[in-house]
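Some notes on the structure that comes next.
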Amino acid sequence: MTNMPTIAEKIGPASTTSRKISRRRKNGDSSSVAVLSVCMMILAIASVAHGFTATTISMPTIGKKVHVQSHTHIRQKRHRQQLSSRTSSSVLTSSKVAEIDGSTINGGSSSSLFSKNTKSLQGISKLSATLSKIGLMAFLASMCMALPIALLPPYLLHRFKLISLVKQQNMALANGQFCARWLLRLIPFCKVSCFSSPEKETDPQPSVWVCNHTSALDVFIILAKDLEMRGKRKRPIKILYWKGLEDNPITKLLFTQCGFIPVQMAANAAGESNNYDMKSFKKLLKMSKQAFEEGFDIGILPEGQLNPHPEDKLLPCFPGAYTLAKMSRRPIRFFSLHGTHRLWHAREDIGMTVTGRDISIRVYPDEGRKFGSAEEFLATFEAVVGKFATTGKDLDDDELNAWLDGSTWEEKMKTADEEK
């Protein structure tokens, strides 16, 4: 690039010293503005990026729907009535409101596990929301490109009879988790906090895993964080899913290659009643039994569909997990998701309108429990998982332990018998 002639050269030696000084001042001012603009841009990007820390399936269930209204729902209704007359300032500062509307994302209970995370989410800026949405779409697009490549080697090895079908499914699941985990690190569109004790999972027993369901994003978050949730010694898992999801070629590829278990159900919108094909249950039970025999755990979402109101309460749940656990003589283990709906909502009118980027996963300790009845399972699921799913917080330690060990249910049964 050639040097342009200066103003002094154009007007000749008649240029005065004052004009030179004036030019220098103008050049200096423009340079300062440019440097300041660059610094502000870097600071803005850094402040947004600081919030993106990459750390951390759709399955209907079987059985008849059972509506369980636990003490959690009753307490929430009472809180709503008490809080309706309060000012907006008290709404932003009340910890009770945070328990109802889920504004506290990563903790805030009396448990020391959550003592470091007591901040309430007041919303995010438009810039952060836009960047999160772009990152989410980039993540999903990358998964669509990465999964066919990652799942091809296990498929070919099985096709040429070099490995068994079980080995192929194990490899496909591991490869899918690897893709999700690393793409979430490379494209950190959200901040995922995982509250679990993977170091205690030294000898995991065959189990039926149950979780709430709030977003189509759930499956990718679970894949990405499974190592942190259940540890290095985790057992591979097969998920029950709605067969209609196979209309999408990518989900079909992932679910079928991993050996997930399909359930026939009529298409419906989030929140509408499920209409299952009862004839498919026989095949479902057979595939579930075979999965246990081959060393897999089973994953079920008792709500049976996406929850369009995830910060209000759980949808009425199905006892299918209890049925499978009882048939296979396996314990049921709980984990819970909160916050995925703020990136990808179940309601079509909200969709990918980003309202937050914090996601929490809670894996409950111990080796699970064999419940005595479907009602006990549903009440415990509603109380334990429902609390974290709607608020991002656990029950108080004593109350949580009482539900998990069954003592709360026993007391309820004794009280009911005495009233009779």
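Ligands are numbered from 1 in the order shown, chains are lettered A, B, ... in the order of the structure tokens, and residues start at 1 in each chain.
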
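These are the residues of segment 170-327 of chain A assigned strand (DSSP E) by DSSP from backbone coordinates: Lys191, Val192, Ser193, Cys194, Phe195, Val208, Trp209, Val210, Ile237, Lys238, Ile239, Leu240, Tyr241, Trp242, Ile261, Pro262, Val263, Asp297, Ile298, Gly299 and Ile300 of chain A.
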
Within 7 Å of segment 210-226 of chain A, which residues of segment 153-198 of chain A show up? Give each one with its shortest atom-to-atom distance in Å (one decimal) and the two atoms involved, counting only C-alpha atoms, rows by chain then rising residue number, as a tab-separated table.
residue	atom	partner	partner_atom	distance
A:Gln177	CA	A:Leu223	CA	4.7
A:Ala180	CA	A:Ala224	CA	4.7
A:Arg181	CA	A:Ala224	CA	3.9

May I have all residues of segment 122-354 of chain A that DSSP, computed from the backbone, assigns to helix (DSSP H, G or I), given as a PyMOL selection string?
chain A and resi 126-159+165-186+198-200+218-230+243-247+249-257+278-293+320-328+340-342

Selected residues written out, C-alpha atoms, as a compact mmCIF listing (two decimals), in the first residue's frame:
# COMPACT_ATOMS: atom_id res chain seq x y z
CA LYS A 126 -30.39 -9.09 25.13
CA LEU A 127 -26.78 -9.51 24.02
CA SER A 128 -26.27 -12.53 26.28
CA ALA A 129 -29.59 -14.02 25.17
CA THR A 130 -28.70 -13.54 21.50
CA LEU A 131 -25.25 -15.08 21.94
CA SER A 132 -26.73 -18.00 23.88
CA LYS A 133 -29.27 -18.64 21.13
CA ILE A 134 -26.59 -18.51 18.44
CA GLY A 135 -24.46 -20.86 20.51
CA LEU A 136 -27.38 -23.25 21.04
CA MET A 137 -28.13 -23.39 17.32
CA ALA A 138 -24.43 -23.88 16.54
CA PHE A 139 -24.27 -26.69 19.12
CA LEU A 140 -27.29 -28.47 17.64
CA ALA A 141 -25.99 -28.06 14.09
CA SER A 142 -22.61 -29.42 15.16
CA MET A 143 -24.26 -32.42 16.82
CA CYS A 144 -26.15 -33.10 13.59
CA MET A 145 -22.85 -33.17 11.70
CA ALA A 146 -20.79 -34.98 14.33
CA LEU A 147 -23.17 -37.81 15.25
CA PRO A 148 -23.31 -39.53 11.82
CA ILE A 149 -19.51 -39.54 11.70
CA ALA A 150 -19.12 -40.74 15.29
CA LEU A 151 -21.72 -43.50 14.96
CA LEU A 152 -20.46 -44.85 11.66
CA PRO A 153 -17.48 -46.92 12.96
CA PRO A 154 -19.55 -48.99 15.46
CA TYR A 155 -22.19 -49.54 12.78
CA LEU A 156 -19.65 -50.80 10.23
CA LEU A 157 -17.89 -53.00 12.78
CA HIS A 158 -21.18 -54.68 13.62
CA ARG A 159 -22.25 -54.83 9.97
CA LEU A 165 -24.83 -55.81 18.75
CA VAL A 166 -24.42 -55.08 22.47
CA LYS A 167 -20.87 -53.85 21.86
CA GLN A 168 -22.07 -51.65 19.02
CA GLN A 169 -24.75 -50.09 21.22
CA ASN A 170 -22.24 -49.46 23.99
CA MET A 171 -19.81 -47.84 21.57
CA ALA A 172 -22.55 -45.74 19.95
CA LEU A 173 -23.69 -44.45 23.34
CA ALA A 174 -20.13 -43.64 24.40
CA ASN A 175 -19.42 -41.86 21.10
CA GLY A 176 -22.64 -39.85 21.34
CA GLN A 177 -21.77 -38.78 24.88
CA PHE A 178 -18.26 -37.84 23.76
CA CYS A 179 -19.63 -35.62 20.98
CA ALA A 180 -22.09 -33.88 23.29
CA ARG A 181 -19.52 -33.40 26.05
CA TRP A 182 -16.83 -31.85 23.86
CA LEU A 183 -19.15 -29.75 21.74
CA LEU A 184 -20.60 -28.28 24.92
CA ARG A 185 -17.06 -27.37 25.94
CA LEU A 186 -16.24 -25.87 22.56
CA PRO A 198 -19.67 -39.68 41.14
CA GLU A 199 -16.72 -40.68 43.32
CA LYS A 200 -19.13 -42.75 45.44
CA ASP A 218 -32.62 -32.48 27.96
CA VAL A 219 -31.25 -35.40 25.97
CA PHE A 220 -28.13 -33.51 24.89
CA ILE A 221 -27.43 -32.18 28.38
CA ILE A 222 -27.80 -35.68 29.85
CA LEU A 223 -25.46 -37.11 27.22
CA ALA A 224 -22.88 -34.38 27.84
CA LYS A 225 -22.95 -34.66 31.63
CA ASP A 226 -23.49 -38.38 32.19
CA LEU A 227 -19.84 -38.91 33.14
CA GLU A 228 -20.05 -36.20 35.79
CA MET A 229 -23.48 -37.37 36.94
CA ARG A 230 -22.78 -41.08 37.40
CA LYS A 243 -41.18 -43.50 18.43
CA GLY A 244 -42.45 -40.38 16.67
CA LEU A 245 -39.07 -38.79 17.36
CA GLU A 246 -37.68 -41.04 14.64
CA ASP A 247 -39.19 -38.66 12.09
CA PRO A 249 -33.19 -38.50 10.98
CA ILE A 250 -30.58 -37.43 13.56
CA THR A 251 -32.56 -38.50 16.62
CA LYS A 252 -33.52 -41.69 14.82
CA LEU A 253 -29.86 -42.41 14.11
CA LEU A 254 -28.81 -41.74 17.71
CA PHE A 255 -31.66 -43.59 19.42
CA THR A 256 -31.63 -46.67 17.20
CA GLN A 257 -27.84 -47.04 17.17
CA MET A 278 -51.18 -50.71 24.24
CA LYS A 279 -50.05 -53.39 21.80
CA SER A 280 -46.50 -52.01 21.89
CA PHE A 281 -46.12 -52.58 25.64
CA LYS A 282 -45.43 -56.28 25.27
CA LYS A 283 -42.45 -55.51 23.05
CA LEU A 284 -41.37 -52.74 25.42
CA LEU A 285 -41.31 -55.09 28.40
CA LYS A 286 -39.40 -57.70 26.42
CA MET A 287 -36.77 -55.17 25.28
CA SER A 288 -36.44 -53.78 28.82
CA LYS A 289 -35.87 -57.26 30.27
CA GLN A 290 -33.27 -57.96 27.60
CA ALA A 291 -31.53 -54.65 28.30
CA PHE A 292 -31.10 -55.58 31.96
CA GLU A 293 -29.71 -58.96 30.98
CA GLY A 320 -44.39 -47.26 34.49
CA ALA A 321 -40.97 -46.98 36.17
CA TYR A 322 -42.36 -48.70 39.25
CA THR A 323 -43.81 -51.46 37.07
CA LEU A 324 -40.49 -52.12 35.34
CA ALA A 325 -38.56 -51.94 38.61
CA LYS A 326 -40.91 -54.40 40.28
CA MET A 327 -40.80 -56.83 37.36
CA SER A 328 -37.01 -56.75 37.17
CA THR A 340 -33.18 -26.25 30.21
CA HIS A 341 -36.57 -24.69 29.39
CA ARG A 342 -34.98 -21.23 29.57

Kindly give the distance, in Å, that separates atom CA of Ala402 of chain A and atom CA of Glu419 of chain A, rounded to a single decimal.
21.8 Å

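Here atom CA of Pro262 of chain A stands at a distance of 15.2 Å from atom CA of Asp297 of chain A.
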
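With atom CA of Val363 of chain A on one side and atom CA of Cys194 of chain A on the other, the separation reads 7.8 Å.
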